[in-house]
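Q: Just passing along the structure, written as structure tokens.
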Amino acid sequence: MQRLAAQLFTGLVAMVMSVLVVQCWADGGGPNLAERVIWAVNAGGESHVDVHGIHFKKDPLEGKVGKASDYGMRLPILRSSPEDQVLYQTERYNEDTFGYDIPIRDEGDYILVMKYAEVYFAQSQQKVFDVRLNGHVVVKDLDIFERVGHSTAHDEIVPFSIRRGKLSVQGEVSTFNGKLTVEFVKGYYDNPKVCALYVMKGTPEDVPKLQPHPGLEKHEEEDDDGEVGDDIGKKKLPPDSKPRVQSGPRTPNPYAADNSSLMFPILVAFGVFIPTLFCLCRL
């Protein structure tokens, strides 16, 4: 009887402790954002600690693969805090496919966050490339300018999981050998690049959001539920398609102007001319 009571007491204590741990995590007592990040690099730049405490290391590919550029340092980057604009102002690009190898030991749910900003080209279809994760295409036809415009921060967020030696990402599964390879794939338009990237434990909801972008918010409201068109023949976008975002206000259509006001003087002139002509003919 005493043994049974001891077992019940031990189970009750364990249950209370687990509830307290969960509550402590919910109240912010668990690992903070910086502690969840297992790997972070400022591509093409020096080390940097952002406003969330994430420590971005100096680019390990310096002098090995591709070229580093700080061309964006002359530009302010929209949607980014002033302290962290450097993460979007420097970049690494290459004339061929290149990438980073990231060691991961523990199983669990992870997030790959890639930071971008288009600081050179001023129109779309100038730089377009894919991103692969251990051979899986996780970002297709990335056109930074078309997504957010010029000198504007843009984050690509890719969730994935590792369990029992398997990598699962976007519905695809492959064998995982302890190394995550992120590749930026050369396409038909210019060279692939990345400004910064990191891997953290968690879910997409844990990733810090960029500052609001009025142009993006307006586009999302207009294209809500993936529908295009207002009156006739609404079409749903394909599931694998990505919204195309304009970086500024739409250019007014010069052919959409209302010309009815121009017709009124012409009709009045005809109304006066015809009776006048009839009277002259009677003379």
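Note on naming: chains are A, B, ... as they come in the structure tokens, residues start from 1 per chain, ligands start from 1 in the order shown.
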Region 186-189 of chain A: which residues within 6 Å, counting only C-alpha atoms, same-chain residues fewer than 5 positions away excluded, as a ChimeraX atom specification?
A: /A:96-97,126-129
Q: Quick one: write out the picked residues with N, CA, C and O atoms as a PDB file, in the first residue's frame?
A:
```
ATOM      1  N   ASP A  96      27.882  31.013 -60.857  1.00  0.00           N
ATOM      2  CA  ASP A  96      27.367  29.648 -60.953  1.00  0.00           C
ATOM      3  C   ASP A  96      26.660  29.310 -59.645  1.00  0.00           C
ATOM      4  O   ASP A  96      26.652  30.109 -58.699  1.00  0.00           O
ATOM      5  N   THR A  97      26.082  28.129 -59.586  1.00  0.00           N
ATOM      6  CA  THR A  97      25.416  27.693 -58.365  1.00  0.00           C
ATOM      7  C   THR A  97      26.412  27.621 -57.206  1.00  0.00           C
ATOM      8  O   THR A  97      27.533  27.144 -57.363  1.00  0.00           O
ATOM      9  N   GLN A 126      15.384  40.601 -64.158  1.00  0.00           N
ATOM     10  CA  GLN A 126      16.810  40.880 -64.320  1.00  0.00           C
ATOM     11  C   GLN A 126      17.664  39.911 -63.505  1.00  0.00           C
ATOM     12  O   GLN A 126      18.782  39.589 -63.882  1.00  0.00           O
ATOM     13  N   LYS A 127      17.141  39.470 -62.380  1.00  0.00           N
ATOM     14  CA  LYS A 127      17.812  38.477 -61.546  1.00  0.00           C
ATOM     15  C   LYS A 127      16.755  37.500 -61.049  1.00  0.00           C
ATOM     16  O   LYS A 127      15.890  37.857 -60.239  1.00  0.00           O
ATOM     17  N   VAL A 128      16.814  36.266 -61.529  1.00  0.00           N
ATOM     18  CA  VAL A 128      15.849  35.231 -61.162  1.00  0.00           C
ATOM     19  C   VAL A 128      16.617  33.936 -60.913  1.00  0.00           C
ATOM     20  O   VAL A 128      17.418  33.522 -61.750  1.00  0.00           O
ATOM     21  N   PHE A 129      16.363  33.299 -59.780  1.00  0.00           N
ATOM     22  CA  PHE A 129      17.087  32.064 -59.473  1.00  0.00           C
ATOM     23  C   PHE A 129      16.254  31.203 -58.521  1.00  0.00           C
ATOM     24  O   PHE A 129      15.256  31.655 -57.955  1.00  0.00           O
TER      25      PHE A 129
END
```
Q: Based on the backbone DSSP call, show me all residues of region 43-246 of chain A assigned alpha helix (DSSP H), as a list in words.
A: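 Result set for region 43-246 of chain A (alpha helix (DSSP H)): Val86, Leu87, Tyr88, Gln89, Ile144, Phe145, Glu146, Arg147, Val148, Pro214, Gly215, Leu216, Glu217, Lys218, His219, Glu220, Glu221 and Glu222 of chain A.
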Q: Give me the residues within 7 Å of Pro159 (chain A) as a list of chain:residue names, counting only C-alpha atoms and dropping any in the same chain fewer than 4 places off.
A: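 In the requested form, the answer reads A:Tyr110, A:Ile111, A:Leu112, A:Val169, A:Thr203, A:Pro204.
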Q: Calculate how many Å separate CA of Tyr198 (chain A) from CA of His150 (chain A), rounding to one decimal.
A: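 If I compute the distance from CA of Tyr198 (chain A) to CA of His150 (chain A), I get 22.9 Å.
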Q: Pick from A:Glu146, A:Asp190, A:Glu107, A:Asp59: nearest to Ala40 (chain A), with only C-alpha atoms counted?
A: A:Asp59
